[in-house]
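Undergrad: To be precise about what I am sending: the file is called start.pdb and holds PDB, C-alpha atoms, pLDDT in the B column.
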ATOM      1  CA  MET A  17       0.000   0.000   0.000  1.00 51.00           C
ATOM      2  CA  LEU A  18       1.317   3.426  -0.914  1.00 54.00           C
ATOM      3  CA  LEU A  19       0.563   6.718   0.824  1.00 54.00           C
ATOM      4  CA  GLU A  20       0.505   9.991  -1.039  1.00 59.00           C
ATOM      5  CA  LEU A  21       1.968  12.932   0.839  1.00 57.00           C
ATOM      6  CA  ASP A  22       2.213  16.299  -0.954  1.00 65.00           C
ATOM      7  CA  GLY A  23       2.252  14.657  -4.359  1.00 62.00           C
ATOM      8  CA  SER A  24       5.024  12.150  -3.541  1.00 67.00           C
ATOM      9  CA  VAL A  25       4.316   8.473  -3.012  1.00 72.00           C
ATOM     10  CA  VAL A  26       5.644   6.816   0.161  1.00 70.00           C
ATOM     11  CA  SER A  27       5.234   3.151   1.068  1.00 72.00           C
ATOM     12  CA  GLN A  28       4.083   2.124   4.543  1.00 72.00           C
ATOM     13  CA  PHE A  29       7.541   0.740   5.168  1.00 72.00           C
ATOM     14  CA  GLU A  30       9.295   4.012   4.254  1.00 75.00           C
ATOM     15  CA  PHE A  31       6.842   5.973   6.387  1.00 73.00           C
ATOM     16  CA  THR A  32       7.422   3.690   9.412  1.00 75.00           C
ATOM     17  CA  LEU A  33      11.179   3.432   8.830  1.00 77.00           C
ATOM     18  CA  THR A  34      11.550   7.209   9.129  1.00 81.00           C
ATOM     19  CA  LEU A  35       9.932   7.251  12.580  1.00 78.00           C
ATOM     20  CA  PHE A  36      11.836   4.135  13.616  1.00 78.00           C
ATOM     21  CA  SER A  37      15.144   5.698  12.471  1.00 83.00           C
ATOM     22  CA  ILE A  38      14.562   8.855  14.493  1.00 85.00           C
ATOM     23  CA  LEU A  39      13.761   6.830  17.619  1.00 82.00           C
ATOM     24  CA  ILE A  40      16.836   4.635  17.129  1.00 84.00           C
ATOM     25  CA  ALA A  41      19.053   7.731  16.727  1.00 86.00           C
ATOM     26  CA  VAL A  42      17.692   9.360  19.904  1.00 86.00           C
ATOM     27  CA  ILE A  43      18.098   6.149  21.913  1.00 86.00           C
ATOM     28  CA  PHE A  44      21.592   5.607  20.522  1.00 87.00           C
ATOM     29  CA  GLY A  45      22.586   9.132  21.632  1.00 88.00           C
ATOM     30  CA  ARG A  46      21.153   8.551  25.090  1.00 88.00           C
ATOM     31  CA  LEU A  47      23.046   5.263  25.457  1.00 88.00           C
ATOM     32  CA  VAL A  48      26.365   6.792  24.387  1.00 86.00           C
ATOM     33  CA  SER A  49      25.835   9.753  26.724  1.00 85.00           C
ATOM     34  CA  THR A  50      25.165   7.432  29.667  1.00 86.00           C
ATOM     35  CA  LEU A  51      28.192   5.286  28.794  1.00 83.00           C
ATOM     36  CA  SER A  52      30.425   8.358  28.977  1.00 81.00           C
ATOM     37  CA  SER A  53      28.844   9.389  32.292  1.00 79.00           C
ATOM     38  CA  ILE A  54      29.297   5.930  33.807  1.00 79.00           C
ATOM     39  CA  THR A  55      32.937   5.645  32.799  1.00 73.00           C
ATOM     40  CA  ALA A  56      33.611   9.104  34.247  1.00 69.00           C
ATOM     41  CA  ARG A  57      32.149   8.197  37.678  1.00 67.00           C
ATOM     42  CA  ASN A  58      32.216   4.989  39.741  1.00 67.00           C
ATOM     43  CA  ALA A  59      31.787   2.567  36.862  1.00 69.00           C
ATOM     44  CA  ASP A  60      29.480  -0.381  37.407  1.00 75.00           C
ATOM     45  CA  TYR A  61      30.651  -2.842  34.801  1.00 81.00           C
ATOM     46  CA  GLN A  62      27.444  -4.831  34.869  1.00 82.00           C
ATOM     47  CA  HIS A  63      25.535  -1.663  33.959  1.00 82.00           C
ATOM     48  CA  VAL A  64      28.088  -0.913  31.212  1.00 84.00           C
ATOM     49  CA  GLY A  65      27.636  -4.462  29.934  1.00 86.00           C
ATOM     50  CA  TRP A  66      23.869  -4.054  29.701  1.00 88.00           C
ATOM     51  CA  LEU A  67      24.255  -0.728  27.890  1.00 87.00           C
ATOM     52  CA  PHE A  68      26.542  -2.478  25.410  1.00 86.00           C
ATOM     53  CA  VAL A  69      23.945  -5.251  24.937  1.00 87.00           C
ATOM     54  CA  LEU A  70      21.263  -2.608  24.339  1.00 89.00           C
ATOM     55  CA  LEU A  71      23.475  -0.883  21.742  1.00 87.00           C
ATOM     56  CA  LEU A  72      23.866  -4.201  19.939  1.00 83.00           C
ATOM     57  CA  ASN A  73      20.132  -4.796  20.218  1.00 84.00           C
ATOM     58  CA  LEU A  74      19.410  -1.408  18.633  1.00 85.00           C
ATOM     59  CA  LEU A  75      21.639  -2.211  15.685  1.00 82.00           C
ATOM     60  CA  LEU A  76      20.124  -5.663  15.356  1.00 79.00           C
ATOM     61  CA  SER A  77      16.554  -4.326  15.616  1.00 78.00           C
ATOM     62  CA  TYR A  78      17.193  -1.801  12.872  1.00 78.00           C
ATOM     63  CA  TRP A  79      18.794  -4.437  10.643  1.00 76.00           C
ATOM     64  CA  LEU A  80      15.965  -6.933  11.188  1.00 72.00           C
ATOM     65  CA  PHE A  81      13.359  -4.241  10.584  1.00 73.00           C
ATOM     66  CA  TRP A  82      15.071  -3.421   7.298  1.00 74.00           C
ATOM     67  CA  GLU A  83      15.198  -7.110   6.398  1.00 72.00           C
ATOM     68  CA  SER A  84      11.441  -7.473   7.045  1.00 68.00           C
ATOM     69  CA  ARG A  85      10.477  -4.680   4.665  1.00 68.00           C
ATOM     70  CA  ASN A  86       7.420  -5.360   2.603  1.00 63.00           C
ATOM     71  CA  ASP A  87       4.497  -3.245   1.522  1.00 53.00           C
ATOM     72  CA  ALA A  88       1.921  -5.725   2.801  1.00 57.00           C
ATOM     73  CA  THR A  89       2.231  -4.867   6.495  1.00 67.00           C
ATOM     74  CA  THR A  90      -0.929  -5.691   8.412  1.00 74.00           C
ATOM     75  CA  PHE A  91      -2.236  -3.631  11.298  1.00 77.00           C
ATOM     76  CA  ALA A  92      -1.299  -6.397  13.755  1.00 76.00           C
ATOM     77  CA  GLU A  93       2.289  -6.428  12.433  1.00 73.00           C
ATOM     78  CA  TYR A  94       2.433  -2.632  12.705  1.00 74.00           C
ATOM     79  CA  VAL A  95       1.207  -2.676  16.327  1.00 78.00           C
ATOM     80  CA  ALA A  96       3.632  -5.504  17.203  1.00 76.00           C
ATOM     81  CA  LEU A  97       6.491  -3.535  15.642  1.00 75.00           C
ATOM     82  CA  LEU A  98       5.636  -0.350  17.568  1.00 78.00           C
ATOM     83  CA  THR A  99       5.231  -2.308  20.812  1.00 83.00           C
ATOM     84  CA  THR A 100       8.588  -4.004  20.289  1.00 81.00           C
ATOM     85  CA  GLY A 101      10.297  -0.646  19.729  1.00 81.00           C
ATOM     86  CA  GLY A 102       8.423   0.990  22.602  1.00 85.00           C
ATOM     87  CA  LEU A 103       9.480  -1.670  25.096  1.00 88.00           C
ATOM     88  CA  LEU A 104      13.092  -1.414  23.927  1.00 87.00           C
ATOM     89  CA  ILE A 105      12.898   2.357  24.498  1.00 87.00           C
ATOM     90  CA  TYR A 106      11.436   1.700  27.966  1.00 91.00           C
ATOM     91  CA  ALA A 107      14.340  -0.631  28.839  1.00 90.00           C
ATOM     92  CA  VAL A 108      16.892   1.905  27.567  1.00 90.00           C
ATOM     93  CA  CYS A 109      15.266   4.768  29.487  1.00 89.00           C
ATOM     94  CA  LEU A 110      15.415   2.755  32.709  1.00 90.00           C
ATOM     95  CA  LEU A 111      19.174   2.265  32.308  1.00 88.00           C
ATOM     96  CA  THR A 112      19.899   5.806  31.095  1.00 87.00           C
ATOM     97  CA  PRO A 113      18.642   8.319  33.669  1.00 86.00           C
ATOM     98  CA  SER A 114      18.638  11.976  32.690  1.00 82.00           C
ATOM     99  CA  THR A 115      20.959  12.869  35.573  1.00 81.00           C
ATOM    100  CA  PRO A 116      24.305  11.171  36.355  1.00 76.00           C
ATOM    101  CA  GLN A 117      24.235   8.900  39.381  1.00 80.00           C
ATOM    102  CA  ASP A 118      26.753   8.780  42.225  1.00 79.00           C
ATOM    103  CA  ASP A 119      26.360   5.032  42.675  1.00 81.00           C
ATOM    104  CA  TRP A 120      25.558   3.273  39.380  1.00 80.00           C
ATOM    105  CA  HIS A 121      25.499  -0.140  41.052  1.00 82.00           C
ATOM    106  CA  LEU A 122      22.806   1.006  43.484  1.00 86.00           C
ATOM    107  CA  TYR A 123      20.871   2.635  40.625  1.00 86.00           C
ATOM    108  CA  PHE A 124      20.947  -0.550  38.515  1.00 86.00           C
ATOM    109  CA  ASP A 125      19.845  -2.629  41.492  1.00 87.00           C
ATOM    110  CA  GLY A 126      16.890  -0.266  41.967  1.00 89.00           C
ATOM    111  CA  VAL A 127      15.637  -0.570  38.369  1.00 90.00           C
ATOM    112  CA  ARG A 128      16.760  -4.164  37.763  1.00 90.00           C
ATOM    113  CA  ALA A 129      13.349  -5.896  37.938  1.00 91.00           C
ATOM    114  CA  ARG A 130      11.564  -3.265  35.805  1.00 93.00           C
ATOM    115  CA  PHE A 131      14.415  -3.326  33.280  1.00 92.00           C
ATOM    116  CA  TYR A 132      14.270  -7.106  32.909  1.00 92.00           C
ATOM    117  CA  MET A 133      10.480  -7.103  32.596  1.00 93.00           C
ATOM    118  CA  GLY A 134      10.542  -4.332  29.978  1.00 92.00           C
ATOM    119  CA  TYR A 135      13.364  -5.996  28.066  1.00 91.00           C
ATOM    120  CA  GLY A 136      11.638  -9.373  28.306  1.00 90.00           C
ATOM    121  CA  GLY A 137       8.441  -7.711  27.052  1.00 90.00           C
ATOM    122  CA  HIS A 138      10.443  -6.384  24.103  1.00 88.00           C
ATOM    123  CA  PHE A 139      11.461  -9.936  23.189  1.00 86.00           C
ATOM    124  CA  ALA A 140       7.931 -11.270  23.740  1.00 88.00           C
ATOM    125  CA  SER A 141       6.542  -8.578  21.435  1.00 84.00           C
ATOM    126  CA  ASP A 142       9.295  -9.323  18.933  1.00 81.00           C
ATOM    127  CA  THR A 143       8.316 -12.996  19.074  1.00 82.00           C
ATOM    128  CA  LEU A 144       4.742 -12.020  18.195  1.00 80.00           C
ATOM    129  CA  PHE A 145       6.001  -9.834  15.317  1.00 76.00           C
ATOM    130  CA  GLU A 146       8.188 -12.661  13.980  1.00 76.00           C
ATOM    131  CA  PHE A 147       5.290 -15.116  14.356  1.00 78.00           C
ATOM    132  CA  LEU A 148       3.009 -12.816  12.341  1.00 74.00           C
ATOM    133  CA  LEU A 149       5.662 -12.721   9.604  1.00 72.00           C
ATOM    134  CA  HIS A 150       5.820 -16.554   9.666  1.00 72.00           C
ATOM    135  CA  ARG A 151       9.464 -16.656  10.796  1.00 71.00           C
ATOM    136  CA  ASP A 152      11.329 -18.981  13.115  1.00 69.00           C
ATOM    137  CA  ILE A 153      10.782 -17.819  16.710  1.00 68.00           C
ATOM    138  CA  THR A 154      12.721 -20.490  18.605  1.00 68.00           C
ATOM    139  CA  ALA A 155      15.716 -18.200  19.275  1.00 68.00           C
ATOM    140  CA  ASN A 156      13.508 -15.616  21.023  1.00 75.00           C
ATOM    141  CA  TRP A 157      12.688 -17.871  23.953  1.00 82.00           C
ATOM    142  CA  ILE A 158      16.251 -17.738  25.315  1.00 82.00           C
ATOM    143  CA  PRO A 159      16.254 -13.949  25.994  1.00 85.00           C
ATOM    144  CA  ILE A 160      12.719 -14.098  27.402  1.00 87.00           C
ATOM    145  CA  GLY A 161      13.813 -16.807  29.854  1.00 87.00           C
ATOM    146  CA  LEU A 162      16.965 -14.867  30.774  1.00 87.00           C
ATOM    147  CA  CYS A 163      14.885 -11.744  31.474  1.00 89.00           C
ATOM    148  CA  ILE A 164      12.519 -13.661  33.754  1.00 91.00           C
ATOM    149  CA  PHE A 165      15.536 -15.182  35.503  1.00 90.00           C
ATOM    150  CA  GLY A 166      17.201 -11.755  35.897  1.00 89.00           C
ATOM    151  CA  ALA A 167      14.033 -10.156  37.267  1.00 90.00           C
ATOM    152  CA  LEU A 168      13.552 -12.855  39.909  1.00 91.00           C
ATOM    153  CA  VAL A 169      17.151 -13.378  41.091  1.00 89.00           C
ATOM    154  CA  ARG A 170      19.131 -10.717  42.976  1.00 86.00           C
ATOM    155  CA  ASP A 171      22.419 -12.581  43.337  1.00 87.00           C
ATOM    156  CA  GLN A 172      25.303 -10.740  41.608  1.00 84.00           C
ATOM    157  CA  ARG A 173      26.798 -13.913  40.126  1.00 87.00           C
ATOM    158  CA  ALA A 174      23.423 -14.820  38.651  1.00 87.00           C
ATOM    159  CA  GLN A 175      23.135 -11.299  37.188  1.00 86.00           C
ATOM    160  CA  TRP A 176      26.564 -11.682  35.577  1.00 87.00           C
ATOM    161  CA  LEU A 177      25.494 -15.070  34.217  1.00 88.00           C
ATOM    162  CA  ALA A 178      22.383 -13.543  32.618  1.00 87.00           C
ATOM    163  CA  LEU A 179      24.475 -10.737  31.085  1.00 87.00           C
ATOM    164  CA  SER A 180      27.093 -13.185  29.786  1.00 88.00           C
ATOM    165  CA  LEU A 181      24.451 -15.404  28.206  1.00 87.00           C
ATOM    166  CA  PHE A 182      22.839 -12.367  26.554  1.00 83.00           C
ATOM    167  CA  MET A 183      26.204 -11.375  25.079  1.00 83.00           C
ATOM    168  CA  LEU A 184      26.782 -14.939  23.870  1.00 86.00           C
ATOM    169  CA  THR A 185      23.311 -14.943  22.285  1.00 81.00           C
ATOM    170  CA  PHE A 186      24.102 -11.722  20.429  1.00 77.00           C
ATOM    171  CA  VAL A 187      27.433 -13.104  19.206  1.00 79.00           C
ATOM    172  CA  ILE A 188      25.606 -16.128  17.787  1.00 80.00           C
ATOM    173  CA  VAL A 189      22.870 -13.992  16.184  1.00 73.00           C
ATOM    174  CA  TYR A 190      25.394 -11.595  14.624  1.00 72.00           C
ATOM    175  CA  ALA A 191      27.503 -14.511  13.373  1.00 76.00           C
ATOM    176  CA  ARG A 192      24.396 -15.957  11.678  1.00 75.00           C
ATOM    177  CA  LEU A 193      23.603 -12.584  10.072  1.00 69.00           C
ATOM    178  CA  ILE A 194      27.171 -12.203   8.807  1.00 71.00           C
ATOM    179  CA  MET A 195      27.147 -15.740   7.396  1.00 76.00           C
ATOM    180  CA  GLN A 196      23.833 -15.099   5.609  1.00 72.00           C
ATOM    181  CA  SER A 197      24.939 -11.858   3.971  1.00 65.00           C
TER     182      SER A 197
END
Give the structure from this file in structure tokens form.

TA:
Amino acid sequence: MLLELDGSVVSQFEFTLTLFSILIAVIFGRLVSTLSSITARNADYQHVGWLFVLLLNLLLSYWLFWESRNDATTFAEYVALLTTGGLLIYAVCLLTPSTPQDDWHLYFDGVRARFYMGYGGHFASDTLFEFLLHRDITANWIPIGLCIFGALVRDQRAQWLALSLFMLTFVIVYARLIMQS
């Protein structure tokens, strides 16, 4: 389906991609700003690790959105896409406060459960989006399980385990993307 705006024709994908690109750019800037703030003050390396995972997730989300381009987007796919992006923004905003923190470890511990639930919701919504596009969704269950685990367990070693497994998952996903292209 094509939309006509001021005499020019724009596909639904191009229209959505513009909004998605702006949101990705704003989130990317916020993540980089927080990374510089954390490294300047009492660095919490677990928090830095999660910010790095979120940066990778932003790049991956943009790439996968580009790969799923088609002009036959249904309303359900559109809502699933916006929900997926919205929950990723929610997770990023939880880990990137507008003011620098004196104790980043204490801050992360305070938002940990909400972060994991928002990030897990992002993957659940992404699973719905992938299901609507008739794609393989088996890989999405690992991050959802890790988010539930991270939200329920407070132990620092368990938190590091969840972060390490997320990073390993992203390495595998990126390796698959590189092999396919």

Undergrad: For a test of reading the model, state the distance in Å between atom CA of Val48 of chain A and atom CA of Leu67 of chain A, rounded to one decimal.

TA: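 One can read the atom CA of Val48 of chain A to atom CA of Leu67 of chain A distance as 8.6 Å.
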
Undergrad: Applied to the shown file, which residues does the PyMOL selection byres ((chain A and resi 107) around 9) return, written as number ranges by chain?

TA: A: 70, 102-106, 108-112, 130-135, 138

Undergrad: So the first atom is atom CA of Phe147 of chain A and the second is atom CA of Asn73 of chain A; what is the distance between them in Å, to one decimal place?

TA: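 Computing the Euclidean distance for atom CA of Phe147 of chain A and atom CA of Asn73 of chain A yields 19.0 Å.
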
Undergrad: Can you list what the PyMOL selection byres ((chain A and resi 168) around 12) grabs from this structure, as a VMD selection string?

TA: chain A and resid 128 to 133 161 to 167 169 to 171 174 to 175 178

Undergrad: Interatomic distance between atom CA of Leu51 of chain A and atom CA of Phe68 of chain A?

TA: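 The value is 8.6 Å.
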
Undergrad: Dump as a ChimeraX atom specification all residues having an atom at most 9 Å from (6.1, -6.3, 19.8), computed in the file's coordinates with all atoms listed in the file.

TA: /A:93-103,137-146

Undergrad: For the residues in that selection, give me C-alpha atoms as a PDB file, in the coordinates of the input.

TA:
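Resulting contents of result00.pdb:
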ATOM      1  CA  GLU A  93       2.289  -6.428  12.433  1.00 73.00           C
ATOM      2  CA  TYR A  94       2.433  -2.632  12.705  1.00 74.00           C
ATOM      3  CA  VAL A  95       1.207  -2.676  16.327  1.00 78.00           C
ATOM      4  CA  ALA A  96       3.632  -5.504  17.203  1.00 76.00           C
ATOM      5  CA  LEU A  97       6.491  -3.535  15.642  1.00 75.00           C
ATOM      6  CA  LEU A  98       5.636  -0.350  17.568  1.00 78.00           C
ATOM      7  CA  THR A  99       5.231  -2.308  20.812  1.00 83.00           C
ATOM      8  CA  THR A 100       8.588  -4.004  20.289  1.00 81.00           C
ATOM      9  CA  GLY A 101      10.297  -0.646  19.729  1.00 81.00           C
ATOM     10  CA  GLY A 102       8.423   0.990  22.602  1.00 85.00           C
ATOM     11  CA  LEU A 103       9.480  -1.670  25.096  1.00 88.00           C
ATOM     12  CA  GLY A 137       8.441  -7.711  27.052  1.00 90.00           C
ATOM     13  CA  HIS A 138      10.443  -6.384  24.103  1.00 88.00           C
ATOM     14  CA  PHE A 139      11.461  -9.936  23.189  1.00 86.00           C
ATOM     15  CA  ALA A 140       7.931 -11.270  23.740  1.00 88.00           C
ATOM     16  CA  SER A 141       6.542  -8.578  21.435  1.00 84.00           C
ATOM     17  CA  ASP A 142       9.295  -9.323  18.933  1.00 81.00           C
ATOM     18  CA  THR A 143       8.316 -12.996  19.074  1.00 82.00           C
ATOM     19  CA  LEU A 144       4.742 -12.020  18.195  1.00 80.00           C
ATOM     20  CA  PHE A 145       6.001  -9.834  15.317  1.00 76.00           C
ATOM     21  CA  GLU A 146       8.188 -12.661  13.980  1.00 76.00           C
TER      22      GLU A 146
END

Undergrad: Give me, as a ChimeraX atom specification, all polymer residues having an atom no more than 8 Å from Pro116 of chain A, counting all atoms listed in the file and skipping those fewer than 2 positions away in the same chain.

TA: /A:50,53-54,113-114,118

Undergrad: When distances are computed from only C-alpha atoms, which of A:Gln62, A:Thr185, A:Thr32, A:Thr55 shows the smallest separation from Trp157 of chain A?

TA: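 Distance minimum relative to Trp157 of chain A lands on A:Thr185.
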
Undergrad: My list of candidates is A:Asp60, A:Met195, A:Gly45, A:Val26. Which is closest to Gln117 of chain A when distances are computed with all atoms listed in the file?

TA: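 Checking each candidate against Gln117 of chain A, we get A:Asp60 as the closest.
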
Undergrad: As a check of understanding, name the residues that the PyMOL selection byres ((chain A and resi 82) around 12) selects in the supplied structure, as a PDB file with C-alpha atoms, in the coordinates of the input.

TA:
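Contents of selection-v4.pdb, freshly written:
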ATOM      1  CA  PHE A  29       7.541   0.740   5.168  1.00 72.00           C
ATOM      2  CA  GLU A  30       9.295   4.012   4.254  1.00 75.00           C
ATOM      3  CA  THR A  32       7.422   3.690   9.412  1.00 75.00           C
ATOM      4  CA  LEU A  33      11.179   3.432   8.830  1.00 77.00           C
ATOM      5  CA  THR A  34      11.550   7.209   9.129  1.00 81.00           C
ATOM      6  CA  PHE A  36      11.836   4.135  13.616  1.00 78.00           C
ATOM      7  CA  SER A  37      15.144   5.698  12.471  1.00 83.00           C
ATOM      8  CA  LEU A  75      21.639  -2.211  15.685  1.00 82.00           C
ATOM      9  CA  LEU A  76      20.124  -5.663  15.356  1.00 79.00           C
ATOM     10  CA  SER A  77      16.554  -4.326  15.616  1.00 78.00           C
ATOM     11  CA  TYR A  78      17.193  -1.801  12.872  1.00 78.00           C
ATOM     12  CA  TRP A  79      18.794  -4.437  10.643  1.00 76.00           C
ATOM     13  CA  LEU A  80      15.965  -6.933  11.188  1.00 72.00           C
ATOM     14  CA  PHE A  81      13.359  -4.241  10.584  1.00 73.00           C
ATOM     15  CA  GLU A  83      15.198  -7.110   6.398  1.00 72.00           C
ATOM     16  CA  SER A  84      11.441  -7.473   7.045  1.00 68.00           C
ATOM     17  CA  ARG A  85      10.477  -4.680   4.665  1.00 68.00           C
ATOM     18  CA  ASN A  86       7.420  -5.360   2.603  1.00 63.00           C
ATOM     19  CA  LEU A  97       6.491  -3.535  15.642  1.00 75.00           C
TER      20      LEU A  97
END

Undergrad: From the options A:Phe182, A:Trp176, A:Tyr61, A:Tyr123, which residue's atoms come nearest to Gly136 of chain A, counting all atoms listed in the file?

TA: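 That would be A:Phe182, the residue with the smallest distance to Gly136 of chain A.
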